[in-house]
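See below for work-v7.cif, which holds mmCIF, C-alpha atoms and all ligand atoms.
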data_protein
loop_
_atom_site.label_atom_id
_atom_site.label_comp_id
_atom_site.auth_asym_id
_atom_site.auth_seq_id
_atom_site.Cartn_x
_atom_site.Cartn_y
_atom_site.Cartn_z
CA MET A 25 -1.15 -8.58 33.16
CA ASN A 26 0.72 -11.32 31.38
CA HIS A 27 4.16 -9.82 31.52
CA ASP A 28 5.37 -11.96 34.40
CA GLN A 29 7.85 -14.39 32.90
CA HIS A 30 7.16 -16.90 35.64
CA GLN A 31 3.50 -17.17 34.88
CA ALA A 32 2.76 -20.62 33.43
CA THR A 33 -0.05 -19.56 31.11
CA TYR A 34 -0.17 -16.70 28.68
CA ASN A 35 -3.56 -15.80 27.24
CA SER A 36 -3.24 -14.06 23.90
CA ARG A 37 -5.61 -11.15 23.45
CA ARG A 38 -5.78 -11.78 19.74
CA PRO A 39 -8.88 -13.67 18.60
CA LEU A 40 -8.59 -17.03 16.87
CA ASP A 41 -9.00 -16.69 13.12
CA ARG A 42 -10.93 -19.75 12.00
CA GLN A 43 -10.87 -18.98 8.31
CA ILE A 44 -7.45 -18.94 6.69
CA ARG A 45 -7.45 -18.06 3.00
CA ALA A 46 -3.82 -17.55 2.15
CA ALA A 47 -0.30 -18.71 2.77
CA ALA A 48 2.89 -16.70 2.87
CA VAL A 49 6.27 -18.14 1.90
CA TYR A 50 9.28 -16.12 3.00
CA CYS A 51 12.81 -16.38 4.35
CA SER A 52 13.47 -17.23 7.99
CA ASP A 53 15.70 -14.16 8.29
CA GLY A 54 14.45 -12.52 11.49
CA ARG A 55 15.61 -9.05 10.46
CA PHE A 56 12.53 -8.88 8.24
CA ALA A 57 10.04 -10.68 10.49
CA ALA A 58 8.22 -7.67 11.93
CA GLN A 59 8.05 -5.95 8.54
CA VAL A 60 6.73 -9.09 6.84
CA ASP A 61 4.00 -9.34 9.49
CA ASP A 62 3.15 -5.69 8.94
CA PHE A 63 3.09 -6.10 5.14
CA LEU A 64 0.88 -9.19 5.25
CA GLN A 65 -1.56 -7.62 7.68
CA ASP A 66 -1.67 -3.96 6.75
CA ALA A 67 -0.76 -3.93 3.06
CA LEU A 68 -2.38 -7.18 1.91
CA GLY A 69 -5.13 -7.38 4.51
CA LEU A 70 -4.18 -10.90 5.55
CA THR A 71 -4.94 -10.67 9.24
CA SER A 72 -4.02 -14.33 9.51
CA CYS A 73 -2.35 -16.62 7.02
CA ASP A 74 -0.48 -19.88 6.91
CA ARG A 75 3.27 -19.41 6.91
CA LEU A 76 6.23 -21.26 5.55
CA ALA A 77 9.33 -19.44 6.74
CA VAL A 78 12.47 -21.24 5.59
CA PRO A 79 15.96 -20.08 4.61
CA GLY A 80 15.72 -18.62 1.11
CA GLY A 81 11.93 -18.44 1.27
CA PRO A 82 10.42 -19.25 -2.14
CA ALA A 83 13.81 -20.44 -3.48
CA PHE A 84 12.71 -24.01 -2.75
CA LEU A 85 10.18 -23.72 -5.57
CA VAL A 86 12.91 -23.13 -8.13
CA GLY A 87 14.47 -26.56 -8.49
CA TYR A 88 18.07 -26.20 -7.32
CA SER A 89 19.59 -29.66 -7.59
CA ASP A 90 21.87 -29.30 -4.55
CA ILE A 91 18.93 -28.82 -2.23
CA GLY A 92 16.76 -31.34 -4.04
CA ARG A 93 15.38 -33.45 -1.22
CA GLU A 94 14.70 -30.57 1.12
CA GLU A 95 13.00 -28.85 -1.74
CA GLU A 96 10.64 -31.71 -2.47
CA MET A 97 9.73 -31.84 1.20
CA LEU A 98 9.00 -28.12 1.35
CA VAL A 99 6.92 -28.17 -1.83
CA GLY A 100 4.95 -31.01 -0.25
CA GLN A 101 4.43 -29.01 2.94
CA LEU A 102 3.21 -25.98 1.03
CA LEU A 103 0.81 -28.02 -1.07
CA PHE A 104 -0.45 -29.72 2.06
CA LEU A 105 -1.44 -26.32 3.48
CA VAL A 106 -3.00 -25.22 0.20
CA ASP A 107 -5.09 -28.38 0.00
CA ALA A 108 -5.92 -28.88 3.67
CA HIS A 109 -7.01 -25.29 4.19
CA GLN A 110 -8.36 -24.83 0.67
CA LEU A 111 -6.22 -21.76 0.14
CA ALA A 112 -6.85 -19.54 -2.86
CA TYR A 113 -3.83 -17.27 -2.55
CA VAL A 114 -0.11 -17.65 -1.91
CA VAL A 115 2.26 -14.76 -1.31
CA LEU A 116 5.95 -15.27 -2.07
CA ILE A 117 8.46 -12.85 -0.58
CA ALA A 118 12.17 -12.67 -1.36
CA HIS A 119 14.44 -10.18 0.35
CA GLU A 120 17.58 -8.16 -0.16
CA ASP A 121 20.86 -9.48 1.29
CA CYS A 122 19.62 -13.07 1.56
CA ALA A 123 22.32 -15.32 3.00
CA PHE A 124 20.70 -18.42 1.56
CA TYR A 125 21.66 -17.16 -1.89
CA THR A 126 25.07 -15.71 -1.08
CA GLN A 127 26.24 -18.47 1.27
CA ARG A 128 24.28 -21.61 0.46
CA LEU A 129 24.02 -21.14 -3.30
CA GLY A 130 27.19 -19.06 -3.66
CA VAL A 131 25.55 -16.33 -5.72
CA PRO A 132 27.80 -13.23 -5.97
CA VAL A 133 26.26 -10.18 -4.32
CA GLU A 134 26.23 -8.23 -7.59
CA GLU A 135 24.12 -10.96 -9.23
CA LEU A 136 21.82 -11.51 -6.27
CA GLU A 137 18.87 -9.33 -7.20
CA SER A 138 18.70 -10.47 -10.82
CA ARG A 139 18.92 -14.10 -9.69
CA GLN A 140 16.14 -13.56 -7.17
CA ARG A 141 14.01 -11.88 -9.82
CA ALA A 142 14.40 -14.83 -12.17
CA ASP A 143 13.78 -17.28 -9.33
CA LEU A 144 10.61 -15.55 -8.18
CA GLN A 145 9.20 -15.73 -11.68
CA THR A 146 10.07 -19.43 -11.84
CA ALA A 147 8.52 -20.01 -8.42
CA VAL A 148 5.31 -18.21 -9.37
CA ASP A 149 4.99 -20.19 -12.60
CA ARG A 150 5.72 -23.49 -10.90
CA LEU A 151 3.23 -22.96 -8.11
CA ARG A 152 0.49 -21.85 -10.48
CA GLY A 153 1.20 -25.01 -12.48
CA LEU A 154 0.84 -27.22 -9.42
CA ARG A 155 -2.64 -26.04 -8.45
CA ASP A 156 -5.16 -24.78 -10.98
CA GLY A 157 -6.73 -21.46 -10.12
CA LEU A 158 -4.30 -20.66 -7.33
CA ARG A 159 -3.48 -16.97 -7.20
CA VAL A 160 0.22 -16.37 -6.59
CA ASP A 161 1.89 -12.99 -6.11
CA ALA A 162 5.56 -12.34 -5.54
CA PHE A 163 7.19 -9.46 -3.69
CA TYR A 164 10.68 -8.27 -2.91
CA ALA A 165 11.62 -6.79 0.47
CA ARG A 166 14.19 -4.07 -0.02
CA ILE A 167 16.19 -2.45 2.77
CA ARG A 168 15.58 1.31 2.87
CA GLY A 169 17.67 3.01 5.52
CA ASP A 170 16.34 1.67 8.80
CA GLY A 171 13.20 0.30 7.17
CA VAL A 172 12.00 -2.19 4.61
CA SER A 173 9.88 -1.54 1.54
CA PHE A 174 7.99 -4.21 -0.35
CA GLU A 175 7.89 -4.16 -4.15
CA ARG A 176 5.42 -6.18 -6.16
CA TRP A 177 7.46 -8.07 -8.73
CA PHE A 178 5.05 -10.61 -10.17
ZN ZN A 201 17.12 -14.82 3.43
#
Transcribe the structure of this file into structure tokens.
Amino acid sequence: MNHDQHQATYNSRRPLDRQIRAAAVYCSDGRFAAQVDDFLQDALGLTSCDRLAVPGGPAFLVGYSDIGREEEMLVGQLLFLVDAHQLAYVVLIAHEDCAFYTQRLGVPVEELESRQRADLQTAVDRLRGLRDGLRVDAFYARIRGDGVSFERWF
């Protein structure tokens, strides 16, 4: 058993996946972490994938001037993964009630979803333009009662 907190080594029972084919870009918001894992694995069949989890998720692909330098860095990190691992597919996920939009960008709650929809389209187009042949899909994680549902937007 590996449940003893004092044990120095933990051996994961999950096998190493040596062939990564996709990357997922989503918000750091931990409320959605388990559901994002579930969606990537069970809905999209991505048992393993590279991950870029940052506040606002794919918002860094949009080109907001007030986060310009961070944005450039994050685009560079994503392209590094795409190139280094020869990825063919990138999944972008935005989510409902995203504090990056409401607090960092100051988007009013009533405009949030339409802004995210426009931004996801921009992000998809930009990423496809950066790497020929890259497949990019975008999804929206919506809160449903105590759960989360994922809608394919683009
Ligand atoms: Zn968020």
- request: List all protein, DNA and RNA residues that have any atom at most 7 Å from ligand ZN 201 (chain A), counting only C-alpha atoms and all ligand atoms, and write the list as a PyMOL selection string.
  value: chain A and resi 51-53+79-81+119+121-124
Kindly export the residues of the current selection with C-alpha atoms, as a compact mmCIF listing (two decimals), in the frame of the given file.
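Written output follows (again-v8.txt):
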# COMPACT_ATOMS: atom_id res chain seq x y z
CA CYS A 51 12.81 -16.38 4.35
CA SER A 52 13.47 -17.23 7.99
CA ASP A 53 15.70 -14.16 8.29
CA PRO A 79 15.96 -20.08 4.61
CA GLY A 80 15.72 -18.62 1.11
CA GLY A 81 11.93 -18.44 1.27
CA HIS A 119 14.44 -10.18 0.35
CA ASP A 121 20.86 -9.48 1.29
CA CYS A 122 19.62 -13.07 1.56
CA ALA A 123 22.32 -15.32 3.00
CA PHE A 124 20.70 -18.42 1.56
Per residue of segment 44-161 of chain A within 12 Å of segment 167-171 of chain A, which atom pair is closest and at what distance in Å (one decimal), using only C-alpha atoms, listed by chain and increasing number, as a tab-separated table?
residue	atom	partner	partner_atom	distance
A:Arg55	CA	A:Ile167	CA	10.2
A:Phe56	CA	A:Ile167	CA	9.2
A:Ala57	CA	A:Gly171	CA	11.9
A:Ala58	CA	A:Gly171	CA	10.5
A:Gln59	CA	A:Gly171	CA	8.2
A:Val60	CA	A:Gly171	CA	11.4
A:Asp62	CA	A:Gly171	CA	11.8
A:Ala118	CA	A:Ile167	CA	11.7
A:His119	CA	A:Ile167	CA	8.3
A:Glu120	CA	A:Ile167	CA	6.6
A:Asp121	CA	A:Ile167	CA	8.6
A:Cys122	CA	A:Ile167	CA	11.2
Neighbourhood query: residues within 7 Å of (0.2, -15.5, -9.5), file coordinates, counting all atoms listed in the file; return as a PDB file with C-alpha atoms, in the coordinates of the input.
ATOM      1  CA  VAL A 148       5.310 -18.210  -9.370  1.00  0.00           C
ATOM      2  CA  ARG A 152       0.490 -21.850 -10.480  1.00  0.00           C
ATOM      3  CA  ARG A 159      -3.480 -16.970  -7.200  1.00  0.00           C
ATOM      4  CA  VAL A 160       0.220 -16.370  -6.590  1.00  0.00           C
ATOM      5  CA  ASP A 161       1.890 -12.990  -6.110  1.00  0.00           C
ATOM      6  CA  PHE A 178       5.050 -10.610 -10.170  1.00  0.00           C
TER       7      PHE A 178
END
Best match for closeness to Val78 of chain A among A:Ala165, A:Leu102, A:Ala112, A:Leu144, counting all atoms listed in the file: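 Closest residue, counting all atoms listed in the file: A:Leu102.
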Long-range neighbours of Leu64 of chain A as an mmCIF file with C-alpha atoms, in the frame of the given file, 9 Å cut-off, all atoms listed in the file, 5 positions minimum in chain:
data_model
loop_
_atom_site.group_PDB
_atom_site.id
_atom_site.type_symbol
_atom_site.label_atom_id
_atom_site.label_comp_id
_atom_site.auth_asym_id
_atom_site.auth_seq_id
_atom_site.Cartn_x
_atom_site.Cartn_y
_atom_site.Cartn_z
ATOM 1 C CA ALA A 48 2.890 -16.700 2.870
ATOM 2 C CA GLN A 59 8.050 -5.950 8.540
ATOM 3 C CA GLY A 69 -5.130 -7.380 4.510
ATOM 4 C CA LEU A 70 -4.180 -10.900 5.550
ATOM 5 C CA THR A 71 -4.940 -10.670 9.240
ATOM 6 C CA SER A 72 -4.020 -14.330 9.510
ATOM 7 C CA CYS A 73 -2.350 -16.620 7.020
ATOM 8 C CA VAL A 115 2.260 -14.760 -1.310
#
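The list of residues with at least one atom within 7 Å of Tyr164 of chain A, based on all atoms listed in the file and without residues fewer than 4 positions apart in the same chain, reads Ile117, Ala118, His119, Phe174, Glu175, Arg176 and Trp177 of chain A.
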query: What is the atom CA of Gln43 of chain A to atom CA of His109 of chain A distance in Å?
result: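 Taking atom CA of Gln43 of chain A and atom CA of His109 of chain A, their separation equals 8.5 Å.
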query: Between A:Thr33, A:Ser138, A:Gln110, A:Thr126, which has the minimum distance to Ala46 of chain A (counting all atoms listed in the file)?
result: A:Gln110
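Distance check against Asp74 of chain A using only C-alpha atoms: of A:Gly87, A:Gly54, A:Gly92, A:Gln101, the minimum falls on A:Gln101.
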Could you rebuild segment 59-83 of chain A with N, CA and C atoms and give me the result as a PDB file, in the coordinates of the input?
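The file below, result-v1.pdb, is the result:
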ATOM      1  N   GLN A  59       8.518  -6.655   9.740  1.00  0.00           N
ATOM      2  CA  GLN A  59       8.050  -5.950   8.540  1.00  0.00           C
ATOM      3  C   GLN A  59       7.200  -6.865   7.664  1.00  0.00           C
ATOM      4  N   VAL A  60       7.554  -8.144   7.606  1.00  0.00           N
ATOM      5  CA  VAL A  60       6.730  -9.090   6.840  1.00  0.00           C
ATOM      6  C   VAL A  60       5.344  -9.194   7.483  1.00  0.00           C
ATOM      7  N   ASP A  61       5.302  -9.291   8.797  1.00  0.00           N
ATOM      8  CA  ASP A  61       4.000  -9.340   9.490  1.00  0.00           C
ATOM      9  C   ASP A  61       3.175  -8.095   9.145  1.00  0.00           C
ATOM     10  N   ASP A  62       3.814  -6.958   9.222  1.00  0.00           N
ATOM     11  CA  ASP A  62       3.150  -5.690   8.940  1.00  0.00           C
ATOM     12  C   ASP A  62       2.636  -5.667   7.496  1.00  0.00           C
ATOM     13  N   PHE A  63       3.477  -6.093   6.565  1.00  0.00           N
ATOM     14  CA  PHE A  63       3.090  -6.100   5.140  1.00  0.00           C
ATOM     15  C   PHE A  63       1.900  -7.028   4.908  1.00  0.00           C
ATOM     16  N   LEU A  64       1.963  -8.224   5.456  1.00  0.00           N
ATOM     17  CA  LEU A  64       0.880  -9.190   5.250  1.00  0.00           C
ATOM     18  C   LEU A  64      -0.434  -8.655   5.825  1.00  0.00           C
ATOM     19  N   GLN A  65      -0.340  -8.060   7.005  1.00  0.00           N
ATOM     20  CA  GLN A  65      -1.560  -7.620   7.680  1.00  0.00           C
ATOM     21  C   GLN A  65      -2.080  -6.291   7.147  1.00  0.00           C
ATOM     22  N   ASP A  66      -1.201  -5.304   7.075  1.00  0.00           N
ATOM     23  CA  ASP A  66      -1.670  -3.960   6.750  1.00  0.00           C
ATOM     24  C   ASP A  66      -1.708  -3.667   5.261  1.00  0.00           C
ATOM     25  N   ALA A  67      -0.773  -4.218   4.499  1.00  0.00           N
ATOM     26  CA  ALA A  67      -0.760  -3.930   3.060  1.00  0.00           C
ATOM     27  C   ALA A  67      -1.662  -4.891   2.300  1.00  0.00           C
ATOM     28  N   LEU A  68      -1.601  -6.182   2.657  1.00  0.00           N
ATOM     29  CA  LEU A  68      -2.380  -7.180   1.910  1.00  0.00           C
ATOM     30  C   LEU A  68      -3.697  -7.542   2.592  1.00  0.00           C
ATOM     31  N   GLY A  69      -3.879  -7.095   3.815  1.00  0.00           N
ATOM     32  CA  GLY A  69      -5.130  -7.380   4.510  1.00  0.00           C
ATOM     33  C   GLY A  69      -5.266  -8.814   4.983  1.00  0.00           C
ATOM     34  N   LEU A  70      -4.144  -9.519   5.079  1.00  0.00           N
ATOM     35  CA  LEU A  70      -4.180 -10.900   5.550  1.00  0.00           C
ATOM     36  C   LEU A  70      -3.966 -10.907   7.060  1.00  0.00           C
ATOM     37  N   THR A  71      -5.070 -10.758   7.786  1.00  0.00           N
ATOM     38  CA  THR A  71      -4.940 -10.670   9.240  1.00  0.00           C
ATOM     39  C   THR A  71      -4.348 -11.957   9.808  1.00  0.00           C
ATOM     40  N   SER A  72      -4.659 -13.069   9.162  1.00  0.00           N
ATOM     41  CA  SER A  72      -4.020 -14.330   9.510  1.00  0.00           C
ATOM     42  C   SER A  72      -3.711 -15.037   8.202  1.00  0.00           C
ATOM     43  N   CYS A  73      -2.629 -15.793   8.181  1.00  0.00           N
ATOM     44  CA  CYS A  73      -2.350 -16.620   7.020  1.00  0.00           C
ATOM     45  C   CYS A  73      -1.400 -17.734   7.439  1.00  0.00           C
ATOM     46  N   ASP A  74      -1.448 -18.821   6.676  1.00  0.00           N
ATOM     47  CA  ASP A  74      -0.480 -19.880   6.910  1.00  0.00           C
ATOM     48  C   ASP A  74       0.893 -19.358   6.522  1.00  0.00           C
ATOM     49  N   ARG A  75       1.918 -19.908   7.154  1.00  0.00           N
ATOM     50  CA  ARG A  75       3.270 -19.410   6.910  1.00  0.00           C
ATOM     51  C   ARG A  75       4.257 -20.535   6.720  1.00  0.00           C
ATOM     52  N   LEU A  76       5.108 -20.354   5.739  1.00  0.00           N
ATOM     53  CA  LEU A  76       6.230 -21.260   5.550  1.00  0.00           C
ATOM     54  C   LEU A  76       7.465 -20.369   5.502  1.00  0.00           C
ATOM     55  N   ALA A  77       8.140 -20.281   6.644  1.00  0.00           N
ATOM     56  CA  ALA A  77       9.330 -19.440   6.740  1.00  0.00           C
ATOM     57  C   ALA A  77      10.556 -20.354   6.789  1.00  0.00           C
ATOM     58  N   VAL A  78      11.283 -20.380   5.696  1.00  0.00           N
ATOM     59  CA  VAL A  78      12.470 -21.240   5.590  1.00  0.00           C
ATOM     60  C   VAL A  78      13.608 -20.430   4.969  1.00  0.00           C
ATOM     61  N   PRO A  79      14.857 -20.815   5.223  1.00  0.00           N
ATOM     62  CA  PRO A  79      15.960 -20.080   4.610  1.00  0.00           C
ATOM     63  C   PRO A  79      15.810 -20.005   3.087  1.00  0.00           C
ATOM     64  N   GLY A  80      15.888 -18.805   2.554  1.00  0.00           N
ATOM     65  CA  GLY A  80      15.720 -18.620   1.110  1.00  0.00           C
ATOM     66  C   GLY A  80      14.284 -18.424   0.683  1.00  0.00           C
ATOM     67  N   GLY A  81      13.345 -18.628   1.594  1.00  0.00           N
ATOM     68  CA  GLY A  81      11.930 -18.440   1.270  1.00  0.00           C
ATOM     69  C   GLY A  81      11.534 -19.223   0.033  1.00  0.00           C
ATOM     70  N   PRO A  82      10.947 -18.542  -0.965  1.00  0.00           N
ATOM     71  CA  PRO A  82      10.420 -19.250  -2.140  1.00  0.00           C
ATOM     72  C   PRO A  82      11.484 -19.906  -3.022  1.00  0.00           C
ATOM     73  N   ALA A  83      12.754 -19.818  -2.663  1.00  0.00           N
ATOM     74  CA  ALA A  83      13.810 -20.440  -3.480  1.00  0.00           C
ATOM     75  C   ALA A  83      13.599 -21.949  -3.628  1.00  0.00           C
TER      76      ALA A  83
END
